[in-house]
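Structure file my_file.txt; described as compact mmCIF, C-alpha atoms and all ligand atoms.
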```
# COMPACT_ATOMS: atom_id res chain seq x y z
CA MET A 1 0.00 0.00 0.00
CA LYS A 2 1.64 3.19 -1.16
CA LYS A 3 -0.12 6.51 -1.04
CA ASN A 4 1.77 8.14 -3.88
CA LYS A 5 -0.44 7.08 -6.76
CA GLU A 6 -2.39 9.47 -8.96
CA ILE A 7 -5.32 7.07 -9.17
CA TYR A 8 -6.22 4.21 -6.84
CA ASN A 9 -7.96 0.99 -7.74
CA GLU A 10 -10.06 0.87 -4.58
CA ILE A 11 -10.67 2.77 -1.36
CA LEU A 12 -8.90 0.10 0.70
CA GLU A 13 -5.58 1.14 -0.85
CA LEU A 14 -5.85 4.39 1.08
CA MET A 15 -5.70 2.71 4.44
CA GLY A 16 -2.80 3.52 6.74
CA GLU A 17 0.24 5.73 6.24
CA THR A 18 -1.44 8.33 8.41
CA PRO A 19 0.43 11.52 9.30
CA VAL A 20 2.23 12.42 12.50
CA ILE A 21 1.77 16.05 13.52
CA ARG A 22 3.75 18.00 16.12
CA LEU A 23 1.54 19.68 18.73
CA LYS A 24 3.58 22.87 19.09
CA ASN A 25 0.81 25.06 20.45
CA ILE A 26 -0.13 22.47 23.04
CA GLU A 27 3.51 22.13 24.13
CA GLU A 28 3.74 25.88 24.59
CA TYR A 29 0.36 26.39 26.22
CA PHE A 30 0.92 23.71 28.81
CA ASN A 31 4.62 24.43 29.10
CA VAL A 32 5.49 20.83 28.48
CA LYS A 33 9.26 20.38 28.26
CA ASN A 34 8.99 17.54 25.79
CA GLU A 35 8.28 17.17 22.09
CA LEU A 36 4.66 16.10 21.64
CA TYR A 37 3.42 14.44 18.49
CA ALA A 38 0.11 12.90 17.43
CA LYS A 39 -0.49 10.13 14.93
CA VAL A 40 -3.75 11.26 13.43
CA GLU A 41 -5.78 8.24 12.44
CA TYR A 42 -8.84 10.03 11.10
CA PHE A 43 -6.95 10.23 7.83
CA ASN A 44 -7.92 6.61 7.20
CA PRO A 45 -10.66 6.27 4.55
CA GLY A 46 -13.38 5.26 7.02
CA GLY A 47 -12.26 7.96 9.45
CA SER A 48 -10.59 5.98 12.22
CA ILE A 49 -7.78 3.70 13.32
CA LYS A 50 -10.23 0.82 13.23
CA ASP A 51 -10.21 0.68 9.43
CA ARG A 52 -6.92 -1.13 9.76
CA VAL A 53 -8.35 -3.71 12.14
CA GLY A 54 -11.68 -4.28 10.41
CA ALA A 55 -10.11 -4.89 7.04
CA TYR A 56 -7.30 -7.07 8.37
CA MET A 57 -9.58 -9.31 10.46
CA LEU A 58 -11.75 -10.00 7.38
CA GLN A 59 -8.79 -10.46 5.07
CA MET A 60 -7.38 -13.10 7.43
CA ALA A 61 -10.79 -14.74 7.90
CA GLU A 62 -11.01 -15.08 4.12
CA LYS A 63 -7.59 -16.68 4.01
CA GLU A 64 -8.62 -19.18 6.68
CA ASN A 65 -11.85 -19.97 4.76
CA LEU A 66 -13.97 -18.77 7.67
CA ILE A 67 -15.96 -16.51 5.36
CA THR A 68 -17.21 -16.43 1.77
CA THR A 69 -19.21 -13.73 -0.06
CA ASN A 70 -22.36 -15.32 1.45
CA THR A 71 -21.26 -14.77 5.03
CA VAL A 72 -23.11 -12.30 7.22
CA ILE A 73 -20.57 -10.42 9.31
CA ILE A 74 -21.76 -9.67 12.86
CA GLU A 75 -19.83 -7.57 15.36
CA PRO A 76 -20.35 -5.87 18.72
CA THR A 77 -18.82 -2.48 17.93
CA SER A 78 -18.98 1.08 19.16
CA GLY A 79 -18.90 2.20 15.57
CA ASN A 80 -15.39 2.60 14.29
CA THR A 81 -14.58 -1.09 13.90
CA GLY A 82 -17.92 -1.36 12.16
CA ILE A 83 -16.90 1.15 9.53
CA GLY A 84 -13.62 -0.72 8.96
CA LEU A 85 -15.47 -4.01 8.62
CA ALA A 86 -18.13 -2.43 6.39
CA LEU A 87 -15.53 -0.87 4.07
CA TYR A 88 -14.06 -4.27 3.41
CA ALA A 89 -17.34 -6.21 3.44
CA VAL A 90 -19.28 -4.07 0.98
CA LYS A 91 -16.50 -4.40 -1.57
CA LYS A 92 -16.97 -8.18 -1.33
CA GLY A 93 -20.77 -8.12 -1.19
CA ASN A 94 -21.13 -9.31 2.41
CA SER A 95 -23.94 -8.09 4.67
CA VAL A 96 -22.97 -6.65 8.04
CA ILE A 97 -24.86 -6.42 11.35
CA PHE A 98 -23.53 -4.34 14.21
CA ILE A 99 -24.59 -4.39 17.83
CA MET A 100 -23.96 -1.19 19.74
CA PRO A 101 -24.81 0.22 23.17
CA GLN A 102 -27.44 2.97 23.47
CA LYS A 103 -24.89 5.62 24.49
CA ILE A 104 -23.08 5.56 21.15
CA SER A 105 -23.77 8.66 19.07
CA MET A 106 -26.53 8.74 16.47
CA GLU A 107 -23.97 10.00 13.95
CA LYS A 108 -22.12 6.70 14.22
CA GLU A 109 -25.31 4.70 13.72
CA LEU A 110 -26.26 6.76 10.68
CA LEU A 111 -22.76 6.43 9.31
CA LEU A 112 -22.87 2.65 9.57
CA ARG A 113 -26.32 2.61 8.00
CA ALA A 114 -24.93 4.71 5.16
CA TYR A 115 -22.51 1.84 4.47
CA GLY A 116 -25.51 -0.50 4.31
CA ALA A 117 -25.12 -2.02 7.77
CA TYR A 118 -27.99 -3.26 9.97
CA ILE A 119 -27.89 -1.91 13.52
CA ILE A 120 -29.08 -3.36 16.80
CA ARG A 121 -29.00 -1.28 19.99
CA VAL A 122 -28.58 -2.80 23.44
CA PRO A 123 -28.91 -1.11 26.84
CA GLY A 124 -25.60 0.35 28.02
CA ASN A 125 -25.84 -0.64 31.65
CA VAL A 126 -26.08 -4.43 31.38
CA SER A 127 -23.39 -6.77 32.68
CA PRO A 128 -21.15 -8.39 30.07
CA PHE A 129 -22.53 -11.72 31.30
CA SER A 130 -26.14 -10.74 30.58
CA VAL A 131 -27.85 -12.23 27.57
CA MET A 132 -28.68 -8.62 26.59
CA SER A 133 -25.00 -7.63 26.33
CA GLN A 134 -23.70 -6.74 22.90
CA TYR A 135 -21.37 -9.76 22.94
CA LYS A 136 -24.17 -12.23 23.65
CA ILE A 137 -26.56 -10.62 21.17
CA ALA A 138 -23.94 -11.09 18.43
CA GLU A 139 -23.78 -14.80 19.27
CA ILE A 140 -27.55 -15.08 19.32
CA ILE A 141 -27.80 -13.68 15.79
CA ARG A 142 -24.99 -15.93 14.62
CA ASN A 143 -26.82 -18.96 16.06
CA ILE A 144 -30.02 -18.08 14.21
CA ILE A 145 -28.16 -17.76 10.89
CA TRP A 146 -26.10 -20.90 11.46
CA GLU A 147 -29.30 -22.79 12.12
CA LYS A 148 -30.69 -21.79 8.72
CA ARG A 149 -27.60 -23.24 6.98
CA LYS A 150 -28.06 -21.24 3.80
CA PRO A 151 -27.19 -17.83 2.34
CA LEU A 152 -29.78 -15.27 3.47
CA SER A 153 -31.55 -12.61 1.41
CA LYS A 154 -31.59 -8.97 2.56
CA SER A 155 -35.20 -9.30 3.71
CA GLU A 156 -34.43 -12.43 5.73
CA ILE A 157 -31.56 -10.59 7.45
CA GLU A 158 -33.81 -7.60 8.09
CA GLY A 159 -36.40 -9.93 9.62
CA ILE A 160 -33.86 -11.44 12.03
CA VAL A 161 -32.53 -8.02 13.03
CA SER A 162 -35.95 -6.57 13.82
CA TYR A 163 -37.01 -9.73 15.68
CA ILE A 164 -33.96 -9.52 17.96
CA GLN A 165 -34.37 -5.76 18.47
CA ILE A 166 -37.98 -6.37 19.56
CA LEU A 167 -36.89 -9.04 22.05
CA ILE A 168 -34.31 -6.62 23.46
CA ASN A 169 -36.81 -3.77 23.69
CA GLN A 170 -39.27 -6.09 25.44
CA ASN A 171 -36.54 -7.18 27.84
CA ASN A 172 -37.40 -10.75 26.84
CA GLU A 173 -34.38 -12.41 28.39
CA LYS A 174 -36.09 -15.79 28.45
CA GLU A 175 -36.44 -16.04 24.68
CA LEU A 176 -32.96 -14.60 24.05
CA LYS A 177 -31.46 -17.12 26.46
CA LYS A 178 -33.21 -19.95 24.65
CA ILE A 179 -31.63 -18.97 21.32
CA PHE A 180 -28.27 -18.28 22.96
CA GLU A 181 -28.10 -21.73 24.52
CA LYS A 182 -29.21 -23.61 21.44
CA ALA A 183 -26.35 -25.76 20.18
CA VAL A 184 -25.82 -25.16 16.46
CA ASP A 185 -23.18 -26.63 14.19
CA PRO A 186 -20.80 -23.91 13.03
CA ASN A 187 -20.76 -23.05 9.32
CA ASN A 188 -19.59 -20.08 7.32
CA TYR A 189 -22.94 -18.35 6.74
CA ALA A 190 -22.31 -16.10 9.74
CA PHE A 191 -19.06 -14.90 11.27
CA ILE A 192 -18.20 -12.75 14.29
CA PRO A 193 -14.70 -11.29 13.82
CA ASN A 194 -14.76 -10.42 17.53
CA GLN A 195 -12.31 -7.61 17.92
CA TYR A 196 -12.04 -8.41 21.64
CA PHE A 197 -10.65 -11.89 21.07
CA ASN A 198 -9.23 -11.78 17.54
CA LYS A 199 -5.42 -11.91 17.52
CA ASN A 200 -5.53 -10.15 14.14
CA ASN A 201 -6.69 -6.99 15.94
CA PRO A 202 -3.35 -6.28 17.69
CA LYS A 203 -1.59 -7.87 14.72
CA ALA A 204 -3.04 -5.25 12.36
CA HIS A 205 -1.22 -2.63 14.44
CA TYR A 206 1.92 -4.72 14.68
CA ARG A 207 1.97 -4.97 10.90
CA THR A 208 0.91 -1.45 9.92
CA THR A 209 0.56 1.26 12.61
CA ALA A 210 3.77 0.31 14.43
CA PRO A 211 6.18 0.10 11.47
CA GLU A 212 4.74 3.36 10.15
CA LEU A 213 5.44 5.05 13.48
CA TRP A 214 8.90 3.52 13.64
CA LYS A 215 9.69 4.87 10.19
CA GLN A 216 8.20 8.28 10.91
CA PHE A 217 10.49 8.69 13.94
CA ASN A 218 13.39 6.64 12.68
CA GLY A 219 12.89 4.61 15.86
CA GLU A 220 13.69 7.67 17.99
CA LEU A 221 10.73 7.79 20.31
CA ASP A 222 10.69 7.64 24.11
CA TYR A 223 6.99 7.44 24.99
CA ILE A 224 3.86 6.15 23.28
CA PHE A 225 0.44 7.03 24.74
CA ALA A 226 -2.81 5.39 23.65
CA GLY A 227 -6.31 4.99 25.01
CA LEU A 228 -7.31 1.45 25.97
CA GLY A 229 -10.34 0.01 24.22
CA THR A 230 -9.77 -3.53 23.06
CA GLY A 231 -6.11 -2.80 23.76
CA GLY A 232 -5.27 -3.82 20.20
CA THR A 233 -3.57 -0.53 19.38
CA ILE A 234 -1.30 -0.35 22.39
CA SER A 235 -0.52 -4.08 22.46
CA GLY A 236 0.30 -4.30 18.75
CA ILE A 237 2.37 -1.12 18.62
CA GLY A 238 3.97 -1.94 21.96
CA LYS A 239 5.11 -5.41 20.91
CA TYR A 240 6.74 -4.03 17.75
CA PHE A 241 8.60 -1.24 19.56
CA LYS A 242 9.61 -3.30 22.59
CA GLU A 243 11.13 -5.94 20.33
CA ARG A 244 13.38 -3.20 19.00
CA LYS A 245 14.05 -0.77 21.83
CA ASP A 246 13.37 0.22 25.40
CA ILE A 247 10.37 2.46 25.08
CA LYS A 248 7.75 3.49 27.61
CA LEU A 249 4.23 2.46 26.78
CA ILE A 250 1.49 4.32 28.66
CA GLY A 251 -2.20 3.45 28.48
CA VAL A 252 -5.00 5.91 29.14
CA ASP A 253 -8.14 4.62 30.85
CA PRO A 254 -11.36 6.40 31.87
CA GLU A 255 -12.73 6.39 35.41
CA GLY A 256 -15.34 3.63 35.49
CA SER A 257 -13.24 1.18 33.45
CA ILE A 258 -11.54 -1.79 35.10
CA TYR A 259 -8.18 -1.79 33.29
CA HIS A 260 -6.34 0.47 35.72
CA HIS A 261 -7.66 -1.47 38.71
CA VAL A 262 -6.60 -4.81 37.26
CA LYS A 263 -3.19 -3.38 36.33
CA ALA A 264 -2.88 -2.22 39.96
CA GLY A 265 -3.43 -5.79 41.13
CA LEU A 266 -7.18 -6.19 41.74
CA THR A 267 -9.00 -9.24 40.42
CA VAL A 268 -11.61 -8.64 37.73
CA GLU A 269 -14.36 -9.29 40.31
CA GLU A 270 -12.90 -6.72 42.71
CA ALA A 271 -12.31 -4.25 39.89
CA LEU A 272 -15.91 -4.60 38.70
CA LYS A 273 -17.07 -3.15 42.03
CA HIS A 274 -15.48 0.15 40.91
CA SER A 275 -16.88 0.00 37.41
CA HIS A 276 -19.50 2.58 36.46
CA PRO A 277 -20.88 4.17 33.29
CA TYR A 278 -19.00 7.02 31.65
CA LEU A 279 -19.51 9.02 28.49
CA VAL A 280 -16.28 8.93 26.52
CA GLU A 281 -16.59 6.48 23.62
CA GLY A 282 -14.19 3.81 22.42
CA ILE A 283 -12.03 3.40 25.52
CA GLY A 284 -12.35 1.61 28.85
CA LYS A 285 -13.89 -1.80 29.48
CA ASN A 286 -15.68 -3.92 32.04
CA ILE A 287 -14.02 -7.10 30.75
CA ILE A 288 -10.39 -8.00 30.10
CA PRO A 289 -10.32 -8.86 26.39
CA LYS A 290 -7.82 -11.32 24.93
CA THR A 291 -6.49 -8.52 22.74
CA ILE A 292 -4.92 -6.51 25.54
CA ASN A 293 -1.50 -7.33 26.93
CA LEU A 294 -1.52 -5.52 30.26
CA ASP A 295 2.00 -6.77 31.02
CA ILE A 296 3.54 -4.91 28.11
CA ILE A 297 2.03 -1.60 29.28
CA ASP A 298 4.35 0.26 31.65
CA ASP A 299 1.75 2.43 33.29
CA ILE A 300 -1.88 3.53 33.02
CA VAL A 301 -3.11 7.11 33.52
CA VAL A 302 -6.71 7.60 34.58
CA ILE A 303 -8.81 10.45 33.19
CA ASN A 304 -12.48 11.36 33.41
CA ASP A 305 -15.14 12.42 30.89
CA GLN A 306 -14.75 16.10 31.65
CA GLU A 307 -10.99 16.05 31.12
CA ALA A 308 -11.28 14.07 27.88
CA PHE A 309 -13.95 16.34 26.41
CA SER A 310 -12.38 19.62 27.54
CA MET A 311 -9.08 18.62 25.98
CA ALA A 312 -10.66 17.58 22.67
CA ARG A 313 -12.67 20.83 22.56
CA PHE A 314 -9.53 22.82 23.35
CA LEU A 315 -7.37 21.01 20.80
CA SER A 316 -9.54 21.89 17.82
CA LYS A 317 -9.33 25.56 18.79
CA ARG A 318 -5.58 25.56 19.46
CA GLU A 319 -4.20 23.22 16.80
CA GLY A 320 -7.04 22.97 14.28
CA ILE A 321 -7.13 19.21 14.78
CA LEU A 322 -10.71 17.98 15.31
CA VAL A 323 -10.68 14.69 17.19
CA GLY A 324 -12.95 12.45 19.26
CA GLY A 325 -13.18 12.16 23.05
CA SER A 326 -10.78 9.23 23.25
CA SER A 327 -8.12 11.38 21.57
CA GLY A 328 -8.82 14.17 24.05
CA ALA A 329 -8.49 11.58 26.81
CA ALA A 330 -5.18 10.28 25.47
CA LEU A 331 -3.74 13.77 25.09
CA PHE A 332 -4.89 14.80 28.56
CA GLY A 333 -3.39 11.59 29.94
CA MET A 334 -0.11 12.23 28.12
CA ILE A 335 0.34 15.75 29.47
CA LYS A 336 -0.74 14.73 32.96
CA TYR A 337 1.70 11.82 33.02
CA LEU A 338 4.66 13.81 31.69
CA LYS A 339 4.01 16.67 34.11
CA GLU A 340 3.32 14.54 37.18
CA ASN A 341 6.45 12.48 36.62
CA ASN A 342 8.56 15.53 35.84
CA ILE A 343 9.66 14.09 32.51
CA LYS A 344 11.72 16.40 30.31
CA ASN A 345 13.43 16.45 26.91
CA LYS A 346 11.72 13.34 25.57
CA LYS A 347 9.83 12.59 22.39
CA ALA A 348 6.29 11.41 23.05
CA VAL A 349 3.62 10.40 20.58
CA VAL A 350 -0.10 10.03 21.25
CA ILE A 351 -2.51 8.11 19.06
CA PHE A 352 -5.62 10.04 17.96
CA PRO A 353 -8.05 7.25 16.93
CA ASP A 354 -10.86 9.20 15.26
CA SER A 355 -12.35 12.51 14.20
CA GLY A 356 -14.47 14.96 16.16
CA ARG A 357 -17.03 14.99 13.36
CA SER A 358 -18.75 11.99 14.95
CA TYR A 359 -19.35 13.98 18.13
CA LEU A 360 -20.63 17.36 16.93
CA THR A 361 -24.02 16.84 18.59
CA LYS A 362 -22.37 15.47 21.71
CA PHE A 363 -19.43 17.02 23.56
CA PHE A 364 -18.76 19.65 20.89
CA ASN A 365 -22.25 20.97 21.63
CA ASP A 366 -22.38 23.15 24.78
CA GLU A 367 -26.02 22.23 25.40
CA TRP A 368 -25.13 18.55 25.50
CA MET A 369 -22.29 19.30 27.90
CA LYS A 370 -24.62 21.22 30.22
CA ASP A 371 -27.28 18.49 30.03
CA ASN A 372 -24.62 16.09 31.26
CA ASN A 373 -23.48 18.42 34.06
CA LEU A 374 -20.19 19.12 32.36
CA GLU A 375 -18.28 22.42 32.40
CA VAL A 376 -18.15 24.19 29.03
CA ASN A 377 -15.27 26.50 29.90
CA ASP A 378 -12.50 24.15 28.86
CA GLU A 379 -9.65 26.25 30.23
CA ILE A 380 -11.07 26.11 33.77
CA ILE A 381 -10.80 22.35 33.64
CA LEU A 382 -7.42 22.24 31.97
CA ARG A 383 -5.95 24.88 34.27
CA LYS A 384 -6.27 22.79 37.45
CA LEU A 385 -3.84 20.27 36.02
CA PHE A 386 -1.02 22.48 35.01
CA ASP A 387 0.69 24.38 37.75
CA GLU A 388 3.37 25.76 35.46
CA CYS A 389 1.22 26.59 32.49
CA LYS A 390 1.05 30.10 31.12
CA ILE A 391 -2.66 30.83 31.35
N1 LIG A 401 -10.84 5.42 20.48
C1 LIG A 401 -11.88 5.12 19.68
C2 LIG A 401 -12.76 6.23 19.20
C3 LIG A 401 -12.12 3.79 19.33
O1 LIG A 401 -13.17 3.48 18.54
C4 LIG A 401 -11.27 2.78 19.83
C5 LIG A 401 -11.55 1.36 19.51
N2 LIG A 401 -12.53 0.79 20.37
C6 LIG A 401 -10.21 3.15 20.68
C7 LIG A 401 -10.02 4.48 20.96
C8 LIG A 401 -9.29 2.14 21.34
O2 LIG A 401 -8.52 1.38 20.48
P1 LIG A 401 -8.20 -0.12 20.84
O3 LIG A 401 -9.46 -0.89 20.73
O4 LIG A 401 -7.19 -0.54 19.83
O5 LIG A 401 -7.66 -0.16 22.23
```
Would you mind writing the structure in this file as structure tokens?
Amino acid sequence: MKKNKEIYNEILELMGETPVIRLKNIEEYFNVKNELYAKVEYFNPGGSIKDRVGAYMLQMAEKENLITTNTVIIEPTSGNTGIGLALYAVKKGNSVIFIMPQKISMEKELLLRAYGAYIIRVPGNVSPFSVMSQYKIAEIIRNIIWEKRKPLSKSEIEGIVSYIQILINQNNEKELKKIFEKAVDPNNYAFIPNQYFNKNNPKAHYRTTAPELWKQFNGELDYIFAGLGTGGTISGIGKYFKERKDIKLIGVDPEGSIYHHVKAGLTVEEALKHSHPYLVEGIGKNIIPKTINLDIIDDIVVINDQEAFSMARFLSKREGILVGGSSGAALFGMIKYLKENNIKNKKAVVIFPDSGRSYLTKFFNDEWMKDNNLEVNDEIILRKLFDECKI
């Protein structure tokens, strides 16, 4: 994949080779004595870092004969992985069904629908063990399709999707449980890539994001900061860099997620007692997915919704870079970590996973902020962090 062609054969060729941008104004404003850079992943054709993962998981599934053009692709996704999967799937003629929590923005749902995807919404506050969780709903749909043992028409898929949505809306756990527990022989009419368990998720970053970063810095980087969602980004990039040099890998986790508690030594059960809902999208978890390697991560910084949103809102005004809340979170976490640990004269890069365009009616809208009891004066929030900053 080389981005120096005049004309491309398909959109997928434009994946990757995203730019790194120095955050000069942020360095100066916060008086950070380090060089700060961002790898800006919204330059991918579907608008996020997850294009890399979606496409690679399907490419590998094809190679392993897990899917054909008749396979329905089903995935629990907060949106961005869905777009990556959809980009690849529509080119091949596959149908896609995505299961997302209620809190995910309407823009993301409409975006996925624009790519032809079917959407199912599940309540955001259910336990990952509940039959109403997005993971279990994906398996329920897969079971129904497996049971049919034939390629499905669009109207048959639509029928299944609306049936399941009705059961969810009716809170009909009994019926959902019945389908979930039904033993069905696997076949390739339905496939769940499962970004939380698929080794090709971190591998996509090991094979693309990491070598790009290495090349962009000629290996001369001291810190990498990334938000923790599935952990694929940090684990894939981290493995590549740590095989080559001693670099510090710092994860950024929202309050309410369990990663930082588990990293600090709590069991998942203990950590879950601290878990609570939060608003920032794409990062934090109430499970420990197979795709995260907590051991490779040197440290985790904890941020909250307000800090993530204030930083993203501030960044667009200071640097002209419009990013999502998880990017704001990662940048806030980076500056907090460097300042608190009195780190100087280092080169640090932060990963910005997606664009702020998906959140214009959410945290970029002051009314939404106020409705969620969040402060709209970003500098008030950012000021408390930075004792030395020149406000
Ligand atoms: N930010 C956003 C907006 C995302 O969609 C994701 C993916 N869930 C992440 C951050 C985290 O990336 P990863 O899953 O690789 O940890």
* **region 52-56 of chain A surroundings by all atoms listed in the file, 10 Å radius, close-in-sequence under 3 positions cut, as a ChimeraX atom specification** => /A:12,15-16,41,44-46,48-49,59-62,80-89,193-195,198,200-205,207-209,232-233
* CA of Thr230 (chain A) to atom O1 of ligand LIG 401 (chain A), straight-line distance in Å ->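 Computing the Euclidean distance for atom O1 of ligand LIG 401 (chain A) and CA of Thr230 (chain A) yields 9.0 Å.
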* Between CA of Ala330 (chain A) and CA of Val350 (chain A), distance in Å (one decimal) ->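 Separation between CA of Ala330 (chain A) and CA of Val350 (chain A): 6.6 Å.
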Residues of region 146-241 of chain A at most 10 Å from region 93-113 of chain A: nearest atom pair and distance in Å, all atoms listed in the file, as CSV:
```
residue,atom,partner,partner_atom,distance
A:Leu152,CA,A:Ser95,CA,9.3
A:Ser153,CA,A:Ser95,CA,9.4
A:Lys154,CA,A:Ser95,CA,8.0
A:Ile157,CA,A:Ser95,CA,8.5
A:Glu158,CA,A:Ile97,CA,9.6
A:Val161,CA,A:Ile97,CA,8.0
A:Gln165,CA,A:Ile99,CA,9.9
A:Ala190,CA,A:Ser95,CA,9.6
A:Phe191,CA,A:Val96,CA,9.7
A:Ile192,CA,A:Ile97,CA,9.6
```
* To do: For each of A:Gly238, A:Val72, A:Gly251, A:Lys346, take the minimum atom-to-atom distance to Lys263 (chain A), counting all atoms listed in the file, then give the residue where this is smallest.
  =>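 Among the listed residues, A:Gly251 lies closest to Lys263 (chain A).
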* For CA of Glu212 (chain A) and atom O2 of ligand LIG 401 (chain A), quote the distance in Å rounded to one decimal. =>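 Separating CA of Glu212 (chain A) from atom O2 of ligand LIG 401 (chain A) is a distance of 16.9 Å.
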* Nearest to Glu35 (chain A) by atom-to-atom distance, counting all atoms listed in the file, from A:Phe217, A:Gln306, A:Tyr118, A:Tyr196 -> A:Phe217
* **Site check for ligand LIG 401 (chain A): residues at most 6 Å away, all atoms listed in the file, as an NGL selection string** => :A and (80 or 227-233 or 281-283 or 326 or 353-354)
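The smallest atom-to-atom distance between Ile145 (chain A) and any of A:Pro186, A:Pro277, A:Gly116, A:Pro128, using all atoms listed in the file, is found for A:Pro186.
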